[in-house]
file entry_39.csv (CSV, C-alpha atoms)
chain,number,residue,atom,x,y,z
A,141,MET,CA,-4.3,-35.4,-33.2
A,142,LYS,CA,-7.1,-37.8,-32.4
A,143,LYS,CA,-8.4,-37.5,-28.8
A,144,PRO,CA,-8.2,-40.9,-26.9
A,145,VAL,CA,-11.6,-42.3,-25.8
A,146,SER,CA,-12.0,-41.6,-22.1
A,147,ILE,CA,-12.2,-44.6,-19.8
A,148,VAL,CA,-15.2,-43.0,-18.2
A,149,ALA,CA,-17.1,-43.3,-21.5
A,150,ILE,CA,-16.0,-46.9,-21.8
A,151,ALA,CA,-17.2,-47.6,-18.3
A,152,ALA,CA,-20.6,-46.2,-19.3
A,153,LEU,CA,-20.8,-48.6,-22.3
A,154,PHE,CA,-19.8,-51.6,-20.1
A,155,ALA,CA,-22.5,-50.6,-17.6
A,156,VAL,CA,-25.2,-50.6,-20.3
A,157,GLY,CA,-24.1,-53.9,-21.6
A,158,THR,CA,-23.9,-55.5,-18.2
A,159,ALA,CA,-27.4,-54.3,-17.2
A,160,PHE,CA,-29.0,-55.6,-20.4
A,161,THR,CA,-27.1,-58.9,-20.3
A,162,GLN,CA,-28.2,-59.5,-16.8
A,163,THR,CA,-31.8,-58.8,-17.5
A,164,ALA,CA,-31.7,-61.2,-20.5
A,165,ASN,CA,-30.3,-63.9,-18.2
A,166,GLN,CA,-32.9,-63.5,-15.5
A,167,VAL,CA,-34.9,-66.6,-14.6
A,168,GLN,CA,-38.5,-66.0,-15.9
A,169,ASN,CA,-41.7,-67.9,-16.7
A,170,TRP,CA,-41.7,-69.1,-20.3
A,171,ASN,CA,-44.5,-71.0,-22.1
A,172,VAL,CA,-43.0,-73.6,-24.4
A,173,ASP,CA,-45.5,-73.8,-27.3
A,174,HIS,CA,-44.5,-77.3,-28.4
A,175,PRO,CA,-43.1,-79.1,-25.4
A,176,GLN,CA,-41.3,-82.3,-26.1
A,177,LYS,CA,-42.8,-85.4,-24.7
A,178,GLY,CA,-42.6,-85.3,-20.9
A,179,THR,CA,-41.6,-81.6,-20.7
A,180,PRO,CA,-43.9,-79.1,-19.0
A,181,GLY,CA,-45.6,-76.3,-21.0
A,182,ILE,CA,-44.6,-73.6,-18.6
A,183,VAL,CA,-41.0,-73.5,-17.4
A,184,TRP,CA,-39.1,-71.2,-15.0
A,185,LEU,CA,-35.7,-70.7,-16.7
A,186,THR,CA,-33.4,-68.1,-18.3
A,187,ALA,CA,-33.8,-67.3,-22.0
A,188,ASP,CA,-30.5,-69.1,-22.8
A,189,GLN,CA,-31.7,-72.2,-21.0
A,190,VAL,CA,-35.0,-72.3,-22.8
A,191,LYS,CA,-33.2,-71.9,-26.2
A,192,ASN,CA,-30.6,-74.6,-25.4
A,193,THR,CA,-33.1,-77.1,-23.8
A,194,PHE,CA,-36.3,-76.7,-25.8
A,195,CYS,CA,-35.6,-74.7,-29.0
A,196,PRO,CA,-32.0,-75.5,-30.2
A,197,GLY,CA,-31.0,-74.7,-33.8
A,198,VAL,CA,-31.8,-72.0,-36.3
A,199,ASN,CA,-34.6,-69.6,-35.6
A,200,ASN,CA,-37.5,-70.3,-38.0
A,201,VAL,CA,-40.6,-71.1,-36.0
A,202,GLU,CA,-41.8,-69.6,-32.7
A,203,CYS,CA,-41.1,-72.1,-29.9
A,204,ALA,CA,-41.6,-70.3,-26.5
A,205,TYR,CA,-42.8,-67.0,-25.3
A,206,LEU,CA,-42.4,-65.0,-22.1
A,207,ILE,CA,-45.6,-65.2,-20.0
A,208,SER,CA,-45.3,-61.7,-18.6
A,209,ASN,CA,-44.7,-60.2,-22.1
A,210,PRO,CA,-45.8,-62.5,-24.9
A,211,SER,CA,-44.2,-60.2,-27.5
A,212,ILE,CA,-40.8,-61.6,-26.4
A,213,TYR,CA,-40.4,-65.1,-27.8
A,214,ILE,CA,-37.7,-67.7,-28.7
A,215,LYS,CA,-37.6,-69.5,-32.1
A,216,LYS,CA,-36.6,-72.9,-33.2
A,217,PRO,CA,-35.9,-74.7,-36.6
B,209,MET,CA,-0.6,-37.0,-14.4
B,210,LYS,CA,-1.0,-39.7,-11.8
B,211,LYS,CA,-3.8,-37.7,-10.1
B,212,ASN,CA,-5.5,-37.3,-13.5
B,213,VAL,CA,-5.5,-41.1,-13.9
B,214,ILE,CA,-6.9,-41.7,-10.4
B,215,GLY,CA,-9.6,-39.1,-11.1
B,216,GLU,CA,-10.6,-40.8,-14.3
B,217,VAL,CA,-10.7,-44.2,-12.6
B,218,ILE,CA,-12.9,-42.9,-9.8
B,219,ALA,CA,-15.3,-41.2,-12.3
B,220,ALA,CA,-15.4,-44.4,-14.4
B,221,LEU,CA,-16.3,-46.5,-11.3
B,222,LEU,CA,-19.1,-44.1,-10.4
B,223,VAL,CA,-20.4,-43.9,-13.9
B,224,PHE,CA,-20.5,-47.8,-14.1
B,225,LEU,CA,-22.3,-48.0,-10.7
B,226,PHE,CA,-24.9,-45.3,-11.6
B,227,ILE,CA,-25.7,-46.4,-15.1
B,228,TYR,CA,-25.8,-50.1,-14.1
B,229,ALA,CA,-28.1,-49.3,-11.1
B,230,ALA,CA,-30.4,-47.0,-13.1
B,231,LEU,CA,-30.8,-49.4,-16.0
B,232,SER,CA,-31.4,-52.4,-13.7
B,233,LYS,CA,-34.2,-50.3,-12.0
B,234,LEU,CA,-35.7,-49.2,-15.3
B,235,LEU,CA,-35.6,-52.6,-16.9
B,236,ASP,CA,-37.4,-54.2,-14.0
B,237,PHE,CA,-39.5,-51.1,-13.2
B,238,ASP,CA,-42.6,-52.8,-11.8
B,239,LYS,CA,-40.5,-54.6,-9.2
B,240,PHE,CA,-38.6,-51.5,-8.3
B,241,ARG,CA,-41.8,-49.5,-7.9
B,242,TYR,CA,-43.4,-52.2,-5.8
B,243,GLN,CA,-40.4,-52.5,-3.5
B,244,LEU,CA,-40.0,-48.8,-3.0
B,245,GLY,CA,-43.7,-48.6,-2.1
B,246,GLN,CA,-43.0,-51.1,0.7
B,247,SER,CA,-40.5,-48.8,2.3
B,248,PRO,CA,-41.8,-47.6,5.7
B,249,PHE,CA,-40.1,-44.2,5.4
B,250,ILE,CA,-40.6,-43.1,1.8
B,251,ALA,CA,-43.8,-45.0,0.8
B,252,ASN,CA,-45.7,-41.7,0.6
B,253,ILE,CA,-43.4,-40.1,-1.9
B,254,SER,CA,-42.4,-43.3,-3.7
B,255,ARG,CA,-44.4,-42.3,-6.9
B,256,PHE,CA,-42.1,-39.4,-7.2
B,257,ILE,CA,-38.8,-41.0,-6.1
B,258,VAL,CA,-39.3,-44.0,-8.4
B,259,TRP,CA,-38.6,-41.7,-11.4
B,260,VAL,CA,-36.2,-39.3,-9.8
B,261,ILE,CA,-33.6,-41.9,-8.7
B,262,PRO,CA,-32.9,-43.7,-12.0
B,263,PHE,CA,-33.0,-40.5,-14.1
B,264,GLY,CA,-31.0,-38.7,-11.5
B,265,GLU,CA,-28.4,-41.4,-11.7
B,266,ILE,CA,-28.3,-41.2,-15.5
B,267,LEU,CA,-28.0,-37.4,-15.3
B,268,ILE,CA,-25.1,-37.6,-12.8
B,269,SER,CA,-23.4,-40.1,-15.1
B,270,ALA,CA,-23.7,-37.7,-18.1
B,271,LEU,CA,-22.1,-35.0,-16.0
B,272,LEU,CA,-19.3,-37.3,-14.9
B,273,ILE,CA,-18.5,-38.4,-18.5
B,274,SER,CA,-17.7,-34.9,-19.7
B,275,ARG,CA,-14.5,-33.4,-18.2
B,276,ARG,CA,-16.1,-29.9,-18.2
B,277,THR,CA,-19.0,-31.0,-15.9
B,278,ARG,CA,-17.2,-33.7,-13.9
B,279,PHE,CA,-16.7,-31.5,-10.8
B,280,ALA,CA,-20.5,-30.9,-10.6
B,281,GLY,CA,-21.0,-34.6,-11.3
B,282,LEU,CA,-18.7,-35.6,-8.4
B,283,TYR,CA,-20.5,-33.3,-6.0
B,284,LEU,CA,-23.9,-34.7,-7.0
B,285,SER,CA,-22.5,-38.3,-6.7
B,286,PHE,CA,-21.2,-37.5,-3.2
B,287,PHE,CA,-24.6,-36.0,-2.3
B,288,LEU,CA,-26.6,-39.0,-3.7
B,289,MET,CA,-24.3,-41.6,-2.2
B,290,LEU,CA,-24.6,-39.8,1.2
B,291,LEU,CA,-28.3,-39.8,0.8
B,292,PHE,CA,-28.4,-43.6,0.0
B,293,THR,CA,-26.0,-44.4,2.9
B,294,GLY,CA,-28.1,-42.3,5.3
B,295,TYR,CA,-31.2,-44.0,4.2
B,296,LEU,CA,-29.6,-47.4,4.7
B,297,PHE,CA,-28.4,-46.4,8.1
B,298,ILE,CA,-31.9,-45.2,9.2
B,299,MET,CA,-33.5,-48.4,7.8
B,300,LEU,CA,-31.0,-50.6,9.6
B,301,LYS,CA,-31.3,-48.7,12.8
B,302,TYR,CA,-35.0,-47.9,13.0
B,303,SER,CA,-37.0,-49.9,10.5
B,304,SER,CA,-39.0,-52.9,11.8
B,305,TYR,CA,-38.7,-54.6,8.4
B,306,LEU,CA,-36.2,-54.2,5.5
B,307,PRO,CA,-37.6,-54.3,2.0
B,308,CYS,CA,-34.9,-54.2,-0.7
B,309,SER,CA,-35.3,-51.7,-3.6
B,310,CYS,CA,-31.9,-52.0,-5.2
B,311,GLY,CA,-31.2,-53.0,-8.8
B,312,GLY,CA,-29.3,-55.9,-10.4
B,313,VAL,CA,-26.6,-57.8,-8.5
B,314,LEU,CA,-26.9,-55.2,-5.7
B,315,SER,CA,-30.1,-56.8,-4.6
B,316,ASN,CA,-28.1,-60.0,-3.8
B,317,MET,CA,-26.2,-58.1,-1.0
B,318,SER,CA,-27.4,-58.1,2.6
B,319,TRP,CA,-28.3,-54.7,4.0
B,320,GLU,CA,-25.1,-54.6,6.0
B,321,GLN,CA,-23.0,-55.4,2.9
B,322,HIS,CA,-24.9,-52.8,1.0
B,323,PHE,CA,-24.2,-50.2,3.7
B,324,ILE,CA,-20.4,-50.9,3.5
B,325,PHE,CA,-20.5,-50.9,-0.3
B,326,ASN,CA,-22.2,-47.5,-0.2
B,327,LEU,CA,-19.7,-46.1,2.3
B,328,VAL,CA,-16.9,-47.1,0.0
B,329,PHE,CA,-18.5,-45.3,-3.0
B,330,THR,CA,-19.3,-42.3,-0.8
B,331,GLY,CA,-15.6,-42.2,0.1
B,332,LEU,CA,-14.6,-42.6,-3.5
B,333,SER,CA,-16.8,-39.7,-4.6
B,334,LEU,CA,-15.3,-37.5,-1.9
B,335,SER,CA,-11.8,-38.5,-3.0
B,336,GLY,CA,-12.8,-37.7,-6.5
B,337,ILE,CA,-13.9,-34.2,-5.5
B,338,LEU,CA,-10.6,-33.5,-3.7
B,339,ILE,CA,-8.5,-34.8,-6.6
B,340,GLN,CA,-10.5,-32.8,-9.2
B,341,ASP,CA,-10.2,-29.7,-7.0
B,342,ARG,CA,-6.4,-30.1,-7.0
B,343,ILE,CA,-6.3,-30.7,-10.7
B,344,GLN,CA,-8.4,-27.6,-11.4
B,345,THR,CA,-6.4,-25.4,-9.0
B,346,LYS,CA,-3.2,-26.6,-10.6
B,347,ASN,CA,-4.5,-25.8,-14.1
B,348,THR,CA,-5.7,-22.3,-13.0
B,349,ILE,CA,-2.2,-21.5,-11.6
B,350,ILE,CA,-0.5,-22.8,-14.8
call {"tool": "encode", "arguments": {"input": "entry_39.csv", "output": "structure tokens"}}
result
Amino acid sequence: MKKPVSIVAIAALFAVGTAFTQTANQVQNWNVDHPQKGTPGIVWLTADQVKNTFCPGVNNVECAYLISNPSIYIKKP
Amino acid sequence: MKKNVIGEVIAALLVFLFIYAALSKLLDFDKFRYQLGQSPFIANISRFIVWVIPFGEILISALLISRRTRFAGLYLSFFLMLLFTGYLFIMLKYSSYLPCSCGGVLSNMSWEQHFIFNLVFTGLSLSGILIQDRIQTKNTII
């Protein structure tokens, strides 16, 4: 008979997901490489906000990077 | 059966708290290290504590996940929560300033709210120990 998955193990997985999601949604300093007319080069937003505001669409070209860690970047079409 | 479920829920809550807190600290490590270094009582040993706390929390979570080691995990949880609560009490009572070195959403709580939150989890880990003790005694008798 298969052993049911313990709720304690499920809680551990939820905790990992929550911690990472929250970090990804932190407000940070981003440098938008190709700012649209009238938009600043450096913005203080979450990754989701940068993607939706400045870099919407499929991910082909680098659009913005995190100032504290430039290896983290967001792409745009 | 009912006690088993309550024991599982308590262990699950503690595991969620410890893993979430540990990862929040490790993912924002520089900030955590800086804030701990600001603490008036533990600044001297902050270099050591900055590693011990998150990895200790992960270790306790691992002990809580397995049923075989859960009892030890609950004792360590109780000890750690007691330590955190005691530290908060001393900070609230005697510190001239209150730097926060908590991770994730916990850093949005006031020190008083954090103290009550810790008291609740200290109580939960104590209840977990008592429940687990009864379960183990019952299993030994059977």
call {"tool": "residues_around", "arguments": {"input": "entry_39.csv", "residues": "Gln189 in chain A", "least_positions_apart": "5", "cutoff": "10 Å", "atoms": "all atoms listed in the file", "output": "compact mmCIF listing (two decimals) with C-alpha atoms, in the frame of the given file"}}
result
# COMPACT_ATOMS: atom_id res chain seq x y z
CA ASN A 165 -30.30 -63.90 -18.20
CA VAL A 167 -34.90 -66.60 -14.60
CA TRP A 184 -39.10 -71.20 -15.00
CA PHE A 194 -36.30 -76.70 -25.80
CA CYS A 195 -35.60 -74.70 -29.00
CA PRO A 196 -32.00 -75.50 -30.20
call {"tool": "atom_distance", "arguments": {"input": "entry_39.csv", "atom1": "CA of Ile147 in chain A", "atom2": "CA of Phe325 in chain B"}}
result
22.1 Å
call {"tool": "closest_residue", "arguments": {"input": "entry_39.csv", "among": "B:Ile343, B:Ile214, B:Met299, B:Leu235", "to": "chain A", "atoms": "only C-alpha atoms"}}
result
B:Leu235
call {"tool": "atom_distance", "arguments": {"input": "entry_39.csv", "atom1": "CA of Ser208 in chain A", "atom2": "CA of Val190 in chain A"}}
result
15.4 Å
call {"tool": "interface_residues", "arguments": {"input": "entry_39.csv", "of": "chain B", "to": "chain A", "cutoff": "7 Å", "atoms": "only C-alpha atoms", "output": "number ranges by chain"}}
result
B: 216, 219-220, 223-224, 227-228, 231-232, 273
call {"tool": "write_last_selection", "arguments": {"input": "entry_39.csv", "atoms": "C-alpha atoms", "output": "tab-separated table (two decimals), in the coordinates of the input"}}
result
chain	number	residue	atom	x	y	z
B	216	GLU	CA	-10.60	-40.80	-14.30
B	219	ALA	CA	-15.30	-41.20	-12.30
B	220	ALA	CA	-15.40	-44.40	-14.40
B	223	VAL	CA	-20.40	-43.90	-13.90
B	224	PHE	CA	-20.50	-47.80	-14.10
B	227	ILE	CA	-25.70	-46.40	-15.10
B	228	TYR	CA	-25.80	-50.10	-14.10
B	231	LEU	CA	-30.80	-49.40	-16.00
B	232	SER	CA	-31.40	-52.40	-13.70
B	273	ILE	CA	-18.50	-38.40	-18.50
call {"tool": "decode", "arguments": {"input": "entry_39.csv", "residues": "chain B", "atoms": "C-alpha atoms", "output": "tab-separated table (two decimals), in the first residue's frame"}}
result
chain	number	residue	atom	x	y	z
B	209	MET	CA	-6.09	9.26	15.75
B	210	LYS	CA	-7.23	12.82	16.53
B	211	LYS	CA	-4.03	13.45	18.49
B	212	ASN	CA	-2.00	12.19	15.53
B	213	VAL	CA	-3.66	14.76	13.26
B	214	ILE	CA	-3.12	17.61	15.74
B	215	GLY	CA	0.52	16.54	16.11
B	216	GLU	CA	0.95	16.55	12.33
B	217	VAL	CA	-0.64	20.01	12.01
B	218	ILE	CA	1.63	21.45	14.73
B	219	ALA	CA	4.71	19.94	13.07
B	220	ALA	CA	3.54	21.29	9.68
B	221	LEU	CA	3.10	24.83	11.09
B	222	LEU	CA	6.55	24.74	12.69
B	223	VAL	CA	8.18	23.41	9.52
B	224	PHE	CA	6.49	26.13	7.45
B	225	LEU	CA	7.67	28.82	9.87
B	226	PHE	CA	11.27	27.59	10.11
B	227	ILE	CA	11.84	26.92	6.40
B	228	TYR	CA	10.19	30.18	5.37
B	229	ALA	CA	12.20	32.16	7.95
B	230	ALA	CA	15.49	30.41	7.08
B	231	LEU	CA	15.12	30.91	3.32
B	232	SER	CA	14.03	34.54	3.72
B	233	LYS	CA	17.21	35.16	5.71
B	234	LEU	CA	19.48	33.29	3.29
B	235	LEU	CA	17.92	34.88	0.18
B	236	ASP	CA	18.50	38.34	1.64
B	237	PHE	CA	21.67	37.40	3.51
B	238	ASP	CA	23.49	40.76	3.34
B	239	LYS	CA	20.54	42.56	4.90
B	240	PHE	CA	20.18	39.89	7.60
B	241	ARG	CA	23.91	40.05	8.43
B	242	TYR	CA	23.82	43.84	8.61
B	243	GLN	CA	20.73	43.91	10.85
B	244	LEU	CA	22.11	41.27	13.20
B	245	GLY	CA	25.35	43.25	13.48
B	246	GLN	CA	23.28	46.22	14.69
B	247	SER	CA	21.86	44.29	17.64
B	248	PRO	CA	23.22	45.72	20.91
B	249	PHE	CA	23.36	42.35	22.71
B	250	ILE	CA	24.66	39.93	20.08
B	251	ALA	CA	26.70	42.16	17.76
B	252	ASN	CA	29.95	40.54	18.99
B	253	ILE	CA	28.88	37.03	18.03
B	254	SER	CA	26.75	37.99	15.03
B	255	ARG	CA	29.28	36.50	12.57
B	256	PHE	CA	28.64	33.11	14.12
B	257	ILE	CA	24.91	33.49	14.71
B	258	VAL	CA	24.24	34.70	11.18
B	259	TRP	CA	24.98	31.15	9.91
B	260	VAL	CA	23.77	29.13	12.90
B	261	ILE	CA	20.21	30.50	12.92
B	262	PRO	CA	19.13	29.76	9.32
B	263	PHE	CA	20.91	26.40	9.14
B	264	GLY	CA	19.64	25.49	12.61
B	265	GLU	CA	16.10	26.24	11.44
B	266	ILE	CA	16.58	24.03	8.37
B	267	LEU	CA	18.02	21.22	10.50
B	268	ILE	CA	15.08	21.38	12.94
B	269	SER	CA	12.66	21.31	9.99
B	270	ALA	CA	14.36	18.18	8.65
B	271	LEU	CA	13.99	16.54	12.07
B	272	LEU	CA	10.31	17.51	12.21
B	273	ILE	CA	9.53	16.11	8.75
B	274	SER	CA	10.54	12.55	9.64
B	275	ARG	CA	8.25	10.84	12.20
B	276	ARG	CA	11.23	9.00	13.71
B	277	THR	CA	13.05	12.22	14.63
B	278	ARG	CA	10.00	14.44	15.24
B	279	PHE	CA	10.26	14.27	19.03
B	280	ALA	CA	13.83	15.64	18.94
B	281	GLY	CA	12.69	18.26	16.39
B	282	LEU	CA	9.87	19.40	18.67
B	283	TYR	CA	12.22	19.74	21.65
B	284	LEU	CA	14.68	21.77	19.56
B	285	SER	CA	11.80	23.90	18.17
B	286	PHE	CA	10.64	24.65	21.69
B	287	PHE	CA	14.19	25.53	22.75
B	288	LEU	CA	14.74	27.79	19.71
B	289	MET	CA	11.37	29.54	20.06
B	290	LEU	CA	12.06	30.06	23.76
B	291	LEU	CA	15.43	31.56	22.85
B	292	PHE	CA	13.87	33.91	20.25
B	293	THR	CA	11.09	34.93	22.63
B	294	GLY	CA	13.58	35.55	25.45
B	295	TYR	CA	15.72	37.65	23.11
B	296	LEU	CA	12.66	39.69	22.04
B	297	PHE	CA	11.67	40.19	25.67
B	298	ILE	CA	15.16	41.42	26.62
B	299	MET	CA	15.25	43.72	23.57
B	300	LEU	CA	11.83	45.17	24.36
B	301	LYS	CA	12.64	45.62	28.02
B	302	TYR	CA	16.28	46.75	28.04
B	303	SER	CA	17.43	47.85	24.59
B	304	SER	CA	17.65	51.55	23.82
B	305	TYR	CA	16.97	50.90	20.13
B	306	LEU	CA	15.31	48.01	18.27
B	307	PRO	CA	16.85	46.87	15.00
B	308	CYS	CA	14.83	44.15	13.23
B	309	SER	CA	16.66	41.07	11.99
B	310	CYS	CA	13.70	38.94	11.00
B	311	GLY	CA	13.02	37.53	7.57
B	312	GLY	CA	10.21	37.92	5.02
B	313	VAL	CA	6.76	39.08	6.14
B	314	LEU	CA	7.84	38.75	9.78
B	315	SER	CA	9.83	41.96	9.34
B	316	ASN	CA	6.53	43.81	8.77
B	317	MET	CA	5.40	43.03	12.33
B	318	SER	CA	6.03	45.39	15.21
B	319	TRP	CA	8.25	44.06	18.02
B	320	GLU	CA	5.22	43.59	20.28
B	321	GLN	CA	3.35	41.66	17.55
B	322	HIS	CA	6.46	39.58	16.93
B	323	PHE	CA	6.71	38.81	20.64
B	324	ILE	CA	3.10	37.56	20.75
B	325	PHE	CA	3.62	35.60	17.50
B	326	ASN	CA	6.67	33.90	19.05
B	327	LEU	CA	4.78	33.14	22.27
B	328	VAL	CA	2.06	31.40	20.23
B	329	PHE	CA	4.63	29.27	18.39
B	330	THR	CA	6.47	28.49	21.65
B	331	GLY	CA	3.15	27.27	23.04
B	332	LEU	CA	2.51	25.26	19.88
B	333	SER	CA	5.87	23.49	20.11
B	334	LEU	CA	5.26	22.71	23.80
B	335	SER	CA	1.82	21.28	22.91
B	336	GLY	CA	3.52	19.27	20.14
B	337	ILE	CA	5.95	17.77	22.67
B	338	LEU	CA	3.12	16.78	25.04
B	339	ILE	CA	1.03	15.26	22.22
B	340	GLN	CA	3.99	13.39	20.74
B	341	ASP	CA	4.90	12.11	24.20
B	342	ARG	CA	1.38	10.68	24.66
B	343	ILE	CA	1.42	9.12	21.20
B	344	GLN	CA	4.79	7.46	21.87
B	345	THR	CA	3.71	6.23	25.33
B	346	LYS	CA	0.51	4.78	23.84
B	347	ASN	CA	2.45	3.05	21.06
B	348	THR	CA	4.90	1.57	23.59
B	349	ILE	CA	2.04	0.17	25.71
B	350	ILE	CA	0.34	-1.35	22.65
